[in-house]
Every structure is written in structure tokens, then in C-alpha cells.
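Contents: one structure, followed by commentary.
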Amino acid sequence: MSPSLRTHPESSSAPVSSSPSSPAPPVSAHASASASRSPWRSLRYRSMRWWSVANFVSNAGTWMQLTVQNLLVLQITGSAAATGLSMSVQAAPALLMSLVGGAAVDRWPRKLTASVSQALLGAVAFTTAVLVATGGLDLTVLMVLAAVTGVIATVDGPACALLGNDLVPPEDVPSAIGVGSLVHSAGRLAGAALGGVTVGFLGTAAAYAANGVSFLFVASVIPFLRPAYGAVRQAGAGRSVAPVPTGPAPTGPAPVGEHMTVRQGLAYFMRRPRLVALAGVTGVSAVFGRNYNLTLAVLVTGPLAGGAGSFGTVSTVLAVGGIIGAVLGARLRKPSVRLVGTLAAAGALLQVVAGFSPSFAVLLVLVLPMAVVESVSDTAGTTVLQTDPPAHLRGRVLGVWGSISTAWGLGGPPALGLLMELAGARGALVSGGLIIAGSIGAGFLLRRRQTTEPVLLRKNGRGVTAQPALETAA
């Protein structure tokens, strides 16, 4: 979801109902400066407002479908194992196919790619709805549809994320990501609520059909989106245009990526220490600190002697903290890996304290800041990931990240479950938090030692201590 000057941002007073492609009137420099710190600053751009509305509709439809999907598998098979298998089948393609999907996003025009992928996802949803309504859906067909959805998502995910970034200037990307997080949370709540109502009155097939309509709505909005003045643009297949300057428009051709290969994305990622460090921080946090639906569920229902209602309260507090964190994260201008690591370590220490909670009330007090810190860290990390690579490589870098994060998603819960078997819920929270904080602290110390250790130079047979070379901050 990408520093340049902004001289013609769109007016914040423009009605949302206006066309996303209509021209934007200029605003004064004072208005631009006063809005620059607002977490909502990305919504000054008309196309970003339309994109946010489209994403809300799409997220609501997706969560409406997910609300009933597991129940549908249970109805067909009567097996909880089959339910878990269907989720794994849908997630598994991202482990390898994300690399190819990211390269496709860099090679093809982004708006066209996102429109086609959304339309294909809509077609899968409509197909499922028809099969459910006619009784023609069995486990084999369901698994095939889940796998197809997973393959399409390897292209759709990075395409839609980067398309949102393309709509705003680079300094407003954190705001766009924060707004996207809020839209995702709101869509999840609305979709879960609508899913129950839809199934109750219209049946399971209606939830899939509604999701198909939501995908088509997004696909119909995309062609009318226009990047704001100063945004990074992708002009066409394999070609990217740098941020629009404030002076006369350039007359030369845009830089062209000659070989859109997966290997380029892997090479860029592995040669960027800040991206490797970000992967390390996010990975250790994902395995030992982010699976609160597992660790806190066992803690609440076990040592704290609560029930399903108590864990529902914890889940609500986590959601509220996530929303607050997304708003705070949207205020960031130039987040760094150092900030991501600091926040992740702080969240890990809060997790350690939560593991010692003597009562449910104390746990609730700690859960809120845990969720806030996690959400701000996620926004900062996503901004670094999506703005660090040059424009023509961002799809492939996101593809690499998709494969890595899928590996964490598939391997993290079993590893954490084993830790809980050995140490219990409290032990897993405490030891997991210490592992996260210790790993990040060791990384910071190693980084500091590498960048500050003096170098001994030889001059006329005598040693001379040289100053360490200056480096950019992570």
C-alpha cells in the first residue's frame, strides 16, 4: 500500500459520491500542511476514498463468506479435520505461487491485473453459490475451488495493495495503510454480522453470491481510479514512473524493467539487510507472539477459569486495540525497521506480563496496549515493505514476502501448540515474549556493534583509528 512534494492534493471537502476520476481542485499550502499529520490524510484524495469504499464492500463480502464456509464444510463432511484441510488448501498456493504472482503484478498493468483478479474471484464465488443452491457441491469440488481461490489471491493480494499505494503520494502511504487496516476491521465486523443474517433468511448460497457481487463492485471501480498528483505510477506492463515532480512534466521515456523475473525479487530482498531484518522481526513475532486466539483462549478458559464469553470479551478488546493502533500508525511519516523492532519488543514484554496475570481483569488491562502496539508495528512494517523497493520491483518483493508469511502461518501454530504442551498457556506467553524481546535485542546489539566498531588503518607503520562510516538508518 509509497518523499515527494504535494502541490495539488484533492480537496477534503469534495463529496464522496462524486466520480473517482473527476479532477481535483488545488488546496492551499496551509491546508496541506495542517492535514499532513492527520491519520486520515490519504482520504483527501477522491480516488482513495472510492478505493476505501470498494475495499470495505469487498472485505464485508469476504468475511460474510468465511463466516459460513467452515459451517458448510462441516455440513458436507461432518469432520473438523476436513474443515482445517480446506483452510490449508486455500492458503498453501501462496507458499510457492506468491513468487510468480508478484512477478505478474510487476509485468502487467496494475489496474488491469487487479480488475481481472477481482472478477475471477467473483466468478469463483458465484460458481460456489450455484453449486450450493443446486446441491452439486461435494468435498472434492470444494477443495478444488479453495485451491483456485488461493492461486488467484497470490496475484490479487499484491496487486490491490500496491494499487492503493499508487493513489497517494509516498509520504501519505502510512495513512493509506492505516485506513486500509481500519477498513479491513470494519468489513470483518460487518461481514460477520451480515453473514449470520443472510444465512438465517436467505441461506448459505446467498452469502457466496453476495461475496461475488462485492468482487464485481471492486472490479467496476478500479478503471475509474486516478493517482493523486505526486504519486508513484505504473504506466504499463513492466514500466514504472517515478513520483510526479512539481515542475514541468518530463519528456523522456519512463524506466523499463527488461526482465521481470522472480529471481530479481529474491535477489533484491536478500541483498537488503533492512528487509531481511524486517522478516526476522516479523517472523519471530508471528510464531511466538501473534497467535493470541490460541494462547489467550487457553489462558482465559484454563488458569483464569473463564468461559467462551470471557474470551469473546478479550477478542473484542483486541479488535478495539487494533483499530486504535491503526489510527496511530496512520500518523507515521517515515517508519523504519528500528521502530518496528522496538514496538515488537515492547509488545513482547507486555505479553510476558500478561502471562503472569492473576485475574481476568488484569489481563484485559494488558490486552489493550498489546493490541495497540502490535497494530502500530504492523502498519510501520507494511509501509517499509511496500515502499523500500523501487516501483518496478515491488510486486516481486511482496511475492517473496507472501511466501515467507505463509510459511510462518502454516508452521507457527503447531510450534506454539507444542510450546504450550510443554510449558502451559502462561509459560508459552512468558517464554514466547522473552524469545521475541531477546532476539530483537540481540539483533540491535549486533547491528550497533557492526556499525560503530572503529576500523584500524595503517599509515606510515603506525595504527590510526578511523571513524566508522556513516550509514543510513534501518
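Going by the C-alpha cells order, chains are called A, B, ..., each with residues numbered from 1, while ligands are numbered from 1 in the order shown.
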
- Message: With DSSP run on the backbone, what are the strand (DSSP E) residues within stretch 113-253 of chain A? I'd like them as number ranges by chain.
- Response: A: 233-236, 239-241

- Task: Would you list, as an MDAnalysis selection string, the residues of stretch 353-460 of chain A that end up in alpha helix (DSSP H) under DSSP run on this structure's backbone?
- Result: chainID A and resid 353:355 360:387 394:452

- Message: I need the residue nearest A:Ala326 from this list: A:Thr198, A:Thr67, A:Thr154, A:Ser375. Use only C-alpha atoms for the distance.
- Response: A:Ser375

Mind dumping a table of every stretch 394-441 of chain A residue within 9 Å of stretch 287-304 of chain A, with the nearest atom pair and its distance in Å to one decimal, using only C-alpha atoms, sorted by chain and rising number, as a tab-separated table?
```
residue	atom	partner	partner_atom	distance
A:Trp408	CA	A:Val287	CA	6.6
A:Gly409	CA	A:Val287	CA	8.0
A:Gly411	CA	A:Val287	CA	7.8
A:Gly412	CA	A:Val287	CA	4.4
A:Pro413	CA	A:Val287	CA	7.0
A:Ala415	CA	A:Val287	CA	7.3
A:Leu416	CA	A:Phe288	CA	6.5
A:Gly417	CA	A:Leu294	CA	8.1
A:Met420	CA	A:Thr295	CA	7.9
A:Gly424	CA	A:Leu299	CA	8.5
A:Ala425	CA	A:Leu299	CA	5.3
A:Arg426	CA	A:Leu299	CA	6.7
A:Ala428	CA	A:Thr295	CA	7.4
A:Leu429	CA	A:Thr295	CA	7.0
A:Ser431	CA	A:Phe288	CA	8.4
A:Gly432	CA	A:Phe288	CA	4.7
A:Gly433	CA	A:Gly289	CA	6.4
A:Ile435	CA	A:Phe288	CA	7.6
A:Ile436	CA	A:Phe288	CA	7.0
```

- Query: Quick one: of A:Leu163, A:Val376, A:Ala423, A:Leu349, who's nearest to A:Leu112, counting only C-alpha atoms?
  - Reply: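 Smallest distance to A:Leu112 is found for A:Leu163.
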
Which neighbours of A:Gln264 fall inside 12 Å, counting only C-alpha atoms, when residues of the same chain fewer than 4 positions from it are skipped, and could you give them as a compact mmCIF listing (two decimals) with all heavy atoms, in the first residue's frame?
```
# COMPACT_ATOMS: atom_id res chain seq x y z
N LEU A 99 5.55 -16.02 -5.39
CA LEU A 99 6.69 -15.51 -6.15
C LEU A 99 6.30 -15.23 -7.59
O LEU A 99 6.64 -14.18 -8.16
CB LEU A 99 7.84 -16.52 -6.10
CG LEU A 99 8.38 -16.87 -4.70
CD1 LEU A 99 9.39 -17.99 -4.80
CD2 LEU A 99 9.00 -15.65 -4.06
N VAL A 100 5.56 -16.14 -8.19
CA VAL A 100 5.10 -15.95 -9.57
C VAL A 100 4.06 -14.85 -9.64
O VAL A 100 4.04 -14.02 -10.56
CB VAL A 100 4.54 -17.27 -10.13
CG1 VAL A 100 4.05 -17.09 -11.56
CG2 VAL A 100 5.61 -18.36 -10.07
N GLY A 102 3.75 -12.23 -7.69
CA GLY A 102 4.39 -10.92 -7.57
C GLY A 102 5.05 -10.48 -8.86
O GLY A 102 5.00 -9.31 -9.24
N ALA A 103 5.68 -11.42 -9.57
CA ALA A 103 6.29 -11.09 -10.86
C ALA A 103 5.23 -10.67 -11.88
O ALA A 103 5.43 -9.76 -12.68
CB ALA A 103 7.08 -12.29 -11.38
N ASP A 106 4.23 -7.07 -11.34
CA ASP A 106 5.22 -6.13 -11.88
C ASP A 106 5.18 -6.08 -13.40
O ASP A 106 5.46 -5.05 -14.01
CB ASP A 106 6.63 -6.53 -11.43
CG ASP A 106 6.91 -6.11 -10.00
OD1 ASP A 106 6.24 -5.19 -9.51
OD2 ASP A 106 7.79 -6.72 -9.36
N GLY A 257 11.58 -2.11 -16.93
CA GLY A 257 12.17 -3.33 -16.38
C GLY A 257 12.24 -4.37 -17.47
O GLY A 257 11.23 -4.89 -17.91
N GLU A 258 13.43 -4.68 -17.94
CA GLU A 258 13.57 -5.54 -19.10
C GLU A 258 13.25 -6.99 -18.79
O GLU A 258 12.67 -7.69 -19.61
CB GLU A 258 14.99 -5.40 -19.66
CG GLU A 258 15.31 -4.00 -20.17
CD GLU A 258 16.73 -3.91 -20.68
OE1 GLU A 258 17.45 -4.93 -20.58
OE2 GLU A 258 17.13 -2.85 -21.16
N HIS A 259 13.64 -7.46 -17.64
CA HIS A 259 13.46 -8.87 -17.33
C HIS A 259 12.69 -8.97 -16.01
O HIS A 259 13.27 -8.86 -14.95
CB HIS A 259 14.81 -9.58 -17.21
CG HIS A 259 15.67 -9.43 -18.43
ND1 HIS A 259 15.39 -10.06 -19.62
CD2 HIS A 259 16.79 -8.69 -18.65
CE1 HIS A 259 16.31 -9.74 -20.52
NE2 HIS A 259 17.16 -8.90 -19.96
N MET A 260 11.40 -9.21 -16.12
CA MET A 260 10.57 -9.30 -14.93
C MET A 260 10.63 -10.72 -14.37
O MET A 260 9.69 -11.50 -14.51
CB MET A 260 9.13 -8.92 -15.28
CG MET A 260 8.97 -7.48 -15.71
SD MET A 260 9.28 -6.38 -14.32
CE MET A 260 9.20 -4.79 -15.16
N TYR A 268 16.89 -9.04 -4.76
CA TYR A 268 16.76 -7.73 -4.12
C TYR A 268 16.45 -7.89 -2.64
O TYR A 268 17.05 -7.22 -1.79
CB TYR A 268 15.65 -6.92 -4.80
CG TYR A 268 15.48 -5.54 -4.19
CD1 TYR A 268 16.23 -4.46 -4.65
CD2 TYR A 268 14.59 -5.33 -3.14
CE1 TYR A 268 16.10 -3.21 -4.08
CE2 TYR A 268 14.44 -4.09 -2.57
CZ TYR A 268 15.20 -3.03 -3.04
OH TYR A 268 15.07 -1.78 -2.45
N PHE A 269 15.51 -8.79 -2.33
CA PHE A 269 15.12 -8.99 -0.94
C PHE A 269 16.30 -9.45 -0.10
O PHE A 269 16.55 -8.90 0.99
CB PHE A 269 13.99 -10.02 -0.87
CG PHE A 269 13.29 -10.08 0.46
CD1 PHE A 269 12.09 -9.41 0.64
CD2 PHE A 269 13.82 -10.80 1.52
CE1 PHE A 269 11.44 -9.46 1.87
CE2 PHE A 269 13.19 -10.85 2.74
CZ PHE A 269 11.98 -10.18 2.92
N MET A 270 17.05 -10.42 -0.56
CA MET A 270 18.13 -10.99 0.22
C MET A 270 19.31 -10.04 0.35
O MET A 270 20.12 -10.16 1.28
CB MET A 270 18.60 -12.31 -0.40
CG MET A 270 17.52 -13.38 -0.43
SD MET A 270 16.77 -13.69 1.20
CE MET A 270 18.21 -14.25 2.12
N ARG A 271 19.45 -9.08 -0.58
CA ARG A 271 20.56 -8.14 -0.52
C ARG A 271 20.22 -6.87 0.26
O ARG A 271 21.07 -5.99 0.37
CB ARG A 271 21.00 -7.77 -1.94
CG ARG A 271 21.65 -8.93 -2.69
CD ARG A 271 21.89 -8.58 -4.13
NE ARG A 271 22.46 -9.72 -4.87
CZ ARG A 271 22.61 -9.75 -6.18
NH1 ARG A 271 22.24 -8.70 -6.91
NH2 ARG A 271 23.11 -10.81 -6.77
N PRO A 389 11.38 -1.11 -1.89
CA PRO A 389 11.84 -1.47 -3.24
C PRO A 389 11.49 -0.39 -4.26
O PRO A 389 10.53 0.37 -4.07
CB PRO A 389 11.05 -2.76 -3.55
CG PRO A 389 10.44 -3.19 -2.26
CD PRO A 389 10.25 -1.95 -1.46
N PRO A 390 12.23 -0.31 -5.36
CA PRO A 390 11.82 0.57 -6.46
C PRO A 390 10.49 0.09 -7.02
O PRO A 390 10.12 -1.08 -6.88
CB PRO A 390 12.96 0.43 -7.47
CG PRO A 390 13.62 -0.87 -7.14
CD PRO A 390 13.47 -1.04 -5.66
N HIS A 392 9.30 -0.76 -9.84
CA HIS A 392 9.19 -1.88 -10.76
C HIS A 392 9.49 -3.23 -10.12
O HIS A 392 9.34 -4.28 -10.75
CB HIS A 392 10.12 -1.68 -11.96
CG HIS A 392 11.58 -1.75 -11.62
ND1 HIS A 392 12.26 -0.72 -11.01
CD2 HIS A 392 12.49 -2.75 -11.80
CE1 HIS A 392 13.52 -1.08 -10.84
NE2 HIS A 392 13.68 -2.30 -11.31
N LEU A 393 9.91 -3.23 -8.83
CA LEU A 393 10.21 -4.48 -8.14
C LEU A 393 9.25 -4.78 -7.00
O LEU A 393 9.35 -5.84 -6.37
CB LEU A 393 11.63 -4.43 -7.57
CG LEU A 393 12.79 -4.78 -8.51
CD1 LEU A 393 14.12 -4.45 -7.84
CD2 LEU A 393 12.75 -6.24 -8.89
N ARG A 394 8.32 -3.89 -6.73
CA ARG A 394 7.51 -4.05 -5.52
C ARG A 394 6.61 -5.27 -5.55
O ARG A 394 6.40 -5.91 -4.52
CB ARG A 394 6.68 -2.77 -5.30
CG ARG A 394 7.54 -1.62 -4.82
CD ARG A 394 6.80 -0.32 -4.70
NE ARG A 394 7.73 0.74 -4.31
CZ ARG A 394 7.44 2.03 -4.31
NH1 ARG A 394 6.24 2.43 -4.70
NH2 ARG A 394 8.33 2.91 -3.94
N GLY A 395 6.08 -5.60 -6.70
CA GLY A 395 5.25 -6.80 -6.78
C GLY A 395 6.02 -8.05 -6.43
O GLY A 395 5.54 -8.91 -5.68
N ARG A 396 7.23 -8.17 -6.97
CA ARG A 396 8.03 -9.37 -6.69
C ARG A 396 8.50 -9.42 -5.26
O ARG A 396 8.55 -10.51 -4.65
CB ARG A 396 9.22 -9.40 -7.65
CG ARG A 396 8.87 -9.93 -9.03
CD ARG A 396 9.92 -9.61 -10.06
NE ARG A 396 9.90 -8.18 -10.40
CZ ARG A 396 10.74 -7.61 -11.23
NH1 ARG A 396 11.69 -8.33 -11.79
NH2 ARG A 396 10.65 -6.34 -11.52
N VAL A 397 8.81 -8.27 -4.66
CA VAL A 397 9.19 -8.25 -3.24
C VAL A 397 8.01 -8.67 -2.38
O VAL A 397 8.15 -9.45 -1.42
CB VAL A 397 9.71 -6.86 -2.84
CG1 VAL A 397 9.88 -6.76 -1.33
CG2 VAL A 397 11.06 -6.59 -3.52
N GLY A 399 5.71 -10.61 -3.38
CA GLY A 399 5.58 -12.05 -3.62
C GLY A 399 6.49 -12.86 -2.72
O GLY A 399 6.09 -13.88 -2.17
N VAL A 400 7.74 -12.40 -2.57
CA VAL A 400 8.67 -13.07 -1.65
C VAL A 400 8.11 -13.04 -0.24
O VAL A 400 8.12 -14.05 0.48
CB VAL A 400 10.05 -12.39 -1.70
CG1 VAL A 400 10.98 -13.00 -0.65
CG2 VAL A 400 10.67 -12.53 -3.09
```

- Task: Name all residues at most 10 Å from A:Gly180 (count only C-alpha atoms; drop same-chain ones fewer than 6 positions away) and give them as a list of chain:residue names.
- Result: A:Met1, A:Trp51, A:Ser52, A:Asn55, A:Phe56, A:Ala161, A:Gly164, A:Pro174, A:Ala186, A:Ala326, A:Ala330, A:Thr379

Would you pick out the contacts of A:Val151 at 12 Å or less, using only C-alpha atoms, so that residues sharing its chain but fewer than 3 positions from it are not included, and give the list as a CSV table (one decimal) with all heavy atoms, in the first residue's frame?
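To be explicit, this is the file written out as result_5.csv:
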```csv
chain,number,residue,atom,x,y,z
A,89,VAL,N,-5.6,-25.9,2.2
A,89,VAL,CA,-5.6,-26.0,0.8
A,89,VAL,C,-5.7,-24.6,0.1
A,89,VAL,O,-5.0,-24.3,-0.9
A,89,VAL,CB,-6.7,-26.9,0.2
A,89,VAL,CG1,-6.9,-26.8,-1.3
A,89,VAL,CG2,-6.5,-28.3,0.6
A,90,GLN,N,-6.5,-23.7,0.7
A,90,GLN,CA,-6.6,-22.4,0.2
A,90,GLN,C,-5.4,-21.5,0.5
A,90,GLN,O,-5.0,-20.7,-0.4
A,90,GLN,CB,-7.8,-21.7,0.8
A,90,GLN,CG,-8.1,-20.3,0.2
A,90,GLN,CD,-9.5,-19.8,0.5
A,90,GLN,OE1,-10.5,-20.6,0.6
A,90,GLN,NE2,-9.7,-18.5,0.7
A,91,ALA,N,-4.7,-21.8,1.6
A,91,ALA,CA,-3.5,-21.0,1.9
A,91,ALA,C,-2.2,-21.5,1.3
A,91,ALA,O,-1.3,-20.7,1.0
A,91,ALA,CB,-3.3,-21.0,3.5
A,92,ALA,N,-2.2,-22.8,1.0
A,92,ALA,CA,-1.0,-23.4,0.5
A,92,ALA,C,-0.4,-22.8,-0.8
A,92,ALA,O,0.8,-22.7,-0.9
A,92,ALA,CB,-1.2,-24.9,0.4
A,93,PRO,N,-1.2,-22.5,-1.8
A,93,PRO,CA,-0.6,-21.9,-3.0
A,93,PRO,C,0.3,-20.7,-2.8
A,93,PRO,O,1.2,-20.5,-3.6
A,93,PRO,CB,-1.9,-21.6,-3.8
A,93,PRO,CG,-2.9,-22.5,-3.4
A,93,PRO,CD,-2.7,-22.6,-1.9
A,94,ALA,N,0.0,-20.0,-1.8
A,94,ALA,CA,0.8,-18.8,-1.5
A,94,ALA,C,2.3,-19.1,-1.1
A,94,ALA,O,3.2,-18.3,-1.3
A,94,ALA,CB,0.2,-17.9,-0.4
A,95,LEU,N,2.5,-20.3,-0.7
A,95,LEU,CA,3.9,-20.7,-0.3
A,95,LEU,C,4.8,-20.7,-1.4
A,95,LEU,O,6.0,-20.2,-1.3
A,95,LEU,CB,3.8,-22.1,0.3
A,95,LEU,CG,5.1,-22.6,1.0
A,95,LEU,CD1,5.4,-21.7,2.2
A,95,LEU,CD2,4.9,-24.1,1.5
A,96,LEU,N,4.4,-21.0,-2.6
A,96,LEU,CA,5.3,-21.0,-3.8
A,96,LEU,C,4.8,-20.1,-4.9
A,96,LEU,O,5.6,-19.4,-5.5
A,96,LEU,CB,5.4,-22.4,-4.4
A,96,LEU,CG,6.1,-23.5,-3.5
A,96,LEU,CD1,6.1,-24.8,-4.1
A,96,LEU,CD2,7.6,-23.0,-3.1
A,97,MET,N,3.5,-20.0,-5.1
A,97,MET,CA,2.9,-19.3,-6.2
A,97,MET,C,3.0,-17.8,-5.9
A,97,MET,O,2.9,-17.0,-6.9
A,97,MET,CB,1.5,-19.7,-6.4
A,97,MET,CG,1.3,-21.1,-6.9
A,97,MET,SD,2.0,-21.2,-8.6
A,97,MET,CE,0.9,-20.1,-9.5
A,98,SER,N,3.2,-17.3,-4.7
A,98,SER,CA,3.3,-15.9,-4.4
A,98,SER,C,4.5,-15.3,-5.2
A,98,SER,O,4.4,-14.1,-5.6
A,98,SER,CB,3.5,-15.6,-2.9
A,98,SER,OG,2.3,-15.8,-2.2
A,99,LEU,N,5.5,-16.0,-5.4
A,99,LEU,CA,6.7,-15.5,-6.1
A,99,LEU,C,6.3,-15.2,-7.6
A,99,LEU,O,6.6,-14.2,-8.2
A,99,LEU,CB,7.8,-16.5,-6.1
A,99,LEU,CG,8.4,-16.9,-4.7
A,99,LEU,CD1,9.4,-18.0,-4.8
A,99,LEU,CD2,9.0,-15.6,-4.1
A,100,VAL,N,5.6,-16.1,-8.2
A,100,VAL,CA,5.1,-16.0,-9.6
A,100,VAL,C,4.1,-14.8,-9.6
A,100,VAL,O,4.0,-14.0,-10.6
A,100,VAL,CB,4.5,-17.3,-10.1
A,100,VAL,CG1,4.0,-17.1,-11.6
A,100,VAL,CG2,5.6,-18.4,-10.1
A,101,GLY,N,3.2,-14.8,-8.7
A,101,GLY,CA,2.1,-13.8,-8.6
A,101,GLY,C,2.7,-12.4,-8.5
A,101,GLY,O,2.3,-11.5,-9.2
A,102,GLY,N,3.8,-12.2,-7.7
A,102,GLY,CA,4.4,-10.9,-7.6
A,102,GLY,C,5.1,-10.5,-8.9
A,102,GLY,O,5.0,-9.3,-9.2
A,117,SER,N,-8.3,-10.0,-11.6
A,117,SER,CA,-8.2,-10.9,-10.4
A,117,SER,C,-9.5,-10.8,-9.6
A,117,SER,O,-10.0,-11.8,-9.1
A,117,SER,CB,-7.0,-10.7,-9.6
A,117,SER,OG,-7.0,-9.4,-9.0
A,120,LEU,N,-12.2,-12.6,-11.4
A,120,LEU,CA,-12.1,-14.1,-11.3
A,120,LEU,C,-12.5,-14.6,-9.9
A,120,LEU,O,-13.2,-15.7,-9.8
A,120,LEU,CB,-10.6,-14.5,-11.6
A,120,LEU,CG,-10.1,-14.3,-13.0
A,120,LEU,CD1,-8.7,-14.6,-13.1
A,120,LEU,CD2,-10.9,-15.2,-14.0
A,121,LEU,N,-12.1,-13.9,-8.9
A,121,LEU,CA,-12.6,-14.3,-7.5
A,121,LEU,C,-14.1,-14.2,-7.4
A,121,LEU,O,-14.7,-15.0,-6.8
A,121,LEU,CB,-11.9,-13.3,-6.5
A,121,LEU,CG,-10.4,-13.6,-6.3
A,121,LEU,CD1,-9.9,-12.5,-5.3
A,121,LEU,CD2,-10.2,-14.9,-5.7
A,124,VAL,N,-15.5,-17.3,-9.0
A,124,VAL,CA,-15.4,-18.5,-8.2
A,124,VAL,C,-16.5,-18.5,-7.1
A,124,VAL,O,-17.2,-19.5,-6.8
A,124,VAL,CB,-14.0,-18.5,-7.5
A,124,VAL,CG1,-14.0,-19.7,-6.4
A,124,VAL,CG2,-12.9,-18.8,-8.5
A,144,VAL,N,-11.1,-28.1,-4.7
A,144,VAL,CA,-10.6,-27.5,-6.0
A,144,VAL,C,-10.9,-26.0,-6.0
A,144,VAL,O,-10.0,-25.2,-6.4
A,144,VAL,CB,-11.2,-28.2,-7.2
A,144,VAL,CG1,-10.9,-27.5,-8.5
A,144,VAL,CG2,-10.8,-29.7,-7.3
A,145,LEU,N,-12.1,-25.6,-5.7
A,145,LEU,CA,-12.4,-24.2,-5.6
A,145,LEU,C,-11.6,-23.4,-4.6
A,145,LEU,O,-11.2,-22.3,-4.9
A,145,LEU,CB,-13.9,-24.0,-5.3
A,145,LEU,CG,-14.9,-24.5,-6.4
A,145,LEU,CD1,-16.3,-24.4,-5.8
A,145,LEU,CD2,-14.8,-23.6,-7.6
A,146,ALA,N,-11.3,-24.0,-3.5
A,146,ALA,CA,-10.4,-23.4,-2.5
A,146,ALA,C,-9.0,-23.2,-3.0
A,146,ALA,O,-8.4,-22.1,-2.8
A,146,ALA,CB,-10.4,-24.2,-1.2
A,147,ALA,N,-8.5,-24.2,-3.7
A,147,ALA,CA,-7.1,-24.1,-4.3
A,147,ALA,C,-7.1,-23.0,-5.4
A,147,ALA,O,-6.2,-22.2,-5.5
A,147,ALA,CB,-6.7,-25.5,-4.9
A,148,VAL,N,-8.1,-23.0,-6.3
A,148,VAL,CA,-8.2,-21.9,-7.3
A,148,VAL,C,-8.2,-20.5,-6.7
A,148,VAL,O,-7.6,-19.6,-7.1
A,148,VAL,CB,-9.4,-22.2,-8.2
A,148,VAL,CG1,-9.6,-21.0,-9.1
A,148,VAL,CG2,-9.3,-23.5,-9.0
A,154,THR,N,-2.8,-15.0,-4.9
A,154,THR,CA,-1.4,-14.7,-5.0
A,154,THR,C,-1.1,-13.6,-5.9
A,154,THR,O,-0.1,-12.9,-5.8
A,154,THR,CB,-0.6,-15.9,-5.4
A,154,THR,OG1,-1.0,-16.3,-6.8
A,154,THR,CG2,-0.8,-17.1,-4.5
A,155,VAL,N,-2.0,-13.3,-6.9
A,155,VAL,CA,-1.8,-12.1,-7.7
A,155,VAL,C,-2.7,-11.0,-7.2
A,155,VAL,O,-2.2,-9.8,-7.2
A,155,VAL,CB,-2.3,-12.5,-9.2
A,155,VAL,CG1,-2.3,-11.3,-10.1
A,155,VAL,CG2,-1.4,-13.6,-9.8
A,156,ASP,N,-3.9,-11.3,-6.7
A,156,ASP,CA,-4.8,-10.2,-6.3
A,156,ASP,C,-4.3,-9.5,-5.1
A,156,ASP,O,-4.4,-8.3,-5.0
A,156,ASP,CB,-6.1,-10.9,-6.0
A,156,ASP,CG,-7.2,-9.8,-5.6
A,156,ASP,OD1,-7.7,-9.1,-6.4
A,156,ASP,OD2,-7.5,-9.7,-4.4
A,157,GLY,N,-3.6,-10.2,-4.1
A,157,GLY,CA,-3.2,-9.5,-2.9
A,157,GLY,C,-2.2,-8.4,-3.2
A,157,GLY,O,-2.4,-7.2,-2.8
```

- Message: Which residues are near stretch 315-319 of chain A? Cut-off 8 Å, only C-alpha atoms, ignore same chain within fewer than 5 positions. Put them as a list in words.
- Response: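 Returned residues: Ser185, Asn293, Leu364, Val367, Leu368 and Ala371 of chain A.
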
Can you spit out the residues from that selection as a PDB file, in the first residue's frame, using all heavy atoms?
```pdb
ATOM      1  N   SER A 185     -10.901  -4.076   9.338  1.00  0.00           N
ATOM      2  CA  SER A 185     -11.562  -4.404  10.607  1.00  0.00           C
ATOM      3  C   SER A 185     -13.063  -4.144  10.534  1.00  0.00           C
ATOM      4  O   SER A 185     -13.876  -4.959  10.994  1.00  0.00           O
ATOM      5  CB  SER A 185     -10.940  -3.587  11.746  1.00  0.00           C
ATOM      6  OG  SER A 185      -9.566  -3.896  11.904  1.00  0.00           O
ATOM      7  N   ASN A 293      -5.301 -15.789  19.530  1.00  0.00           N
ATOM      8  CA  ASN A 293      -6.521 -16.593  19.525  1.00  0.00           C
ATOM      9  C   ASN A 293      -6.282 -17.970  20.122  1.00  0.00           C
ATOM     10  O   ASN A 293      -7.218 -18.609  20.605  1.00  0.00           O
ATOM     11  CB  ASN A 293      -7.046 -16.748  18.095  1.00  0.00           C
ATOM     12  CG  ASN A 293      -7.696 -15.484  17.579  1.00  0.00           C
ATOM     13  OD1 ASN A 293      -8.158 -14.666  18.359  1.00  0.00           O
ATOM     14  ND2 ASN A 293      -7.707 -15.317  16.272  1.00  0.00           N
ATOM     15  N   LEU A 364      -7.296  -8.100  30.878  1.00  0.00           N
ATOM     16  CA  LEU A 364      -7.950  -7.149  29.983  1.00  0.00           C
ATOM     17  C   LEU A 364      -7.197  -5.822  29.922  1.00  0.00           C
ATOM     18  O   LEU A 364      -7.077  -5.208  28.860  1.00  0.00           O
ATOM     19  CB  LEU A 364      -9.395  -6.901  30.420  1.00  0.00           C
ATOM     20  CG  LEU A 364     -10.408  -8.002  30.148  1.00  0.00           C
ATOM     21  CD1 LEU A 364     -11.791  -7.569  30.619  1.00  0.00           C
ATOM     22  CD2 LEU A 364     -10.446  -8.370  28.672  1.00  0.00           C
ATOM     23  N   VAL A 367      -4.220  -6.480  27.638  1.00  0.00           N
ATOM     24  CA  VAL A 367      -4.502  -6.860  26.254  1.00  0.00           C
ATOM     25  C   VAL A 367      -4.637  -5.639  25.349  1.00  0.00           C
ATOM     26  O   VAL A 367      -4.185  -5.652  24.194  1.00  0.00           O
ATOM     27  CB  VAL A 367      -5.781  -7.726  26.196  1.00  0.00           C
ATOM     28  CG1 VAL A 367      -6.345  -7.798  24.780  1.00  0.00           C
ATOM     29  CG2 VAL A 367      -5.476  -9.140  26.682  1.00  0.00           C
ATOM     30  N   LEU A 368      -5.230  -4.568  25.853  1.00  0.00           N
ATOM     31  CA  LEU A 368      -5.440  -3.379  25.019  1.00  0.00           C
ATOM     32  C   LEU A 368      -4.124  -2.787  24.518  1.00  0.00           C
ATOM     33  O   LEU A 368      -3.956  -2.612  23.299  1.00  0.00           O
ATOM     34  CB  LEU A 368      -6.257  -2.334  25.774  1.00  0.00           C
ATOM     35  CG  LEU A 368      -6.593  -1.073  24.969  1.00  0.00           C
ATOM     36  CD1 LEU A 368      -7.463  -1.413  23.775  1.00  0.00           C
ATOM     37  CD2 LEU A 368      -7.288  -0.034  25.863  1.00  0.00           C
ATOM     38  N   ALA A 371      -2.481  -5.019  21.874  1.00  0.00           N
ATOM     39  CA  ALA A 371      -3.074  -4.923  20.548  1.00  0.00           C
ATOM     40  C   ALA A 371      -2.701  -3.621  19.859  1.00  0.00           C
ATOM     41  O   ALA A 371      -2.455  -3.593  18.648  1.00  0.00           O
ATOM     42  CB  ALA A 371      -4.598  -5.048  20.649  1.00  0.00           C
TER      43      ALA A 371
END
```

- Message: Can you pull out the residues contacting A:Leu189? Cut-off 10 Å, using only C-alpha atoms, and skip same-chain residues under 4 positions away; I want them as number ranges by chain.
- Response: A: 59-60, 63-64, 183-185, 193-195, 319

Could you please take those selected residues and save C-alpha atoms as a short mmCIF file (atom, residue, chain, number, x, y, z; two decimals), in the first residue's frame?
```cif
data_model
loop_
_atom_site.label_atom_id
_atom_site.label_comp_id
_atom_site.auth_asym_id
_atom_site.auth_seq_id
_atom_site.Cartn_x
_atom_site.Cartn_y
_atom_site.Cartn_z
CA ASN A 59 -13.99 -7.22 2.93
CA ALA A 60 -17.57 -7.40 4.17
CA TRP A 63 -15.98 -12.21 5.79
CA MET A 64 -19.63 -12.94 5.13
CA VAL A 183 -11.49 -0.73 6.54
CA HIS A 184 -10.45 -4.37 6.95
CA SER A 185 -11.56 -4.40 10.61
CA ALA A 193 -22.84 -9.85 11.29
CA LEU A 194 -24.35 -9.88 7.80
CA GLY A 195 -23.27 -13.49 7.28
CA ALA A 319 -10.15 -5.64 17.97
#
```
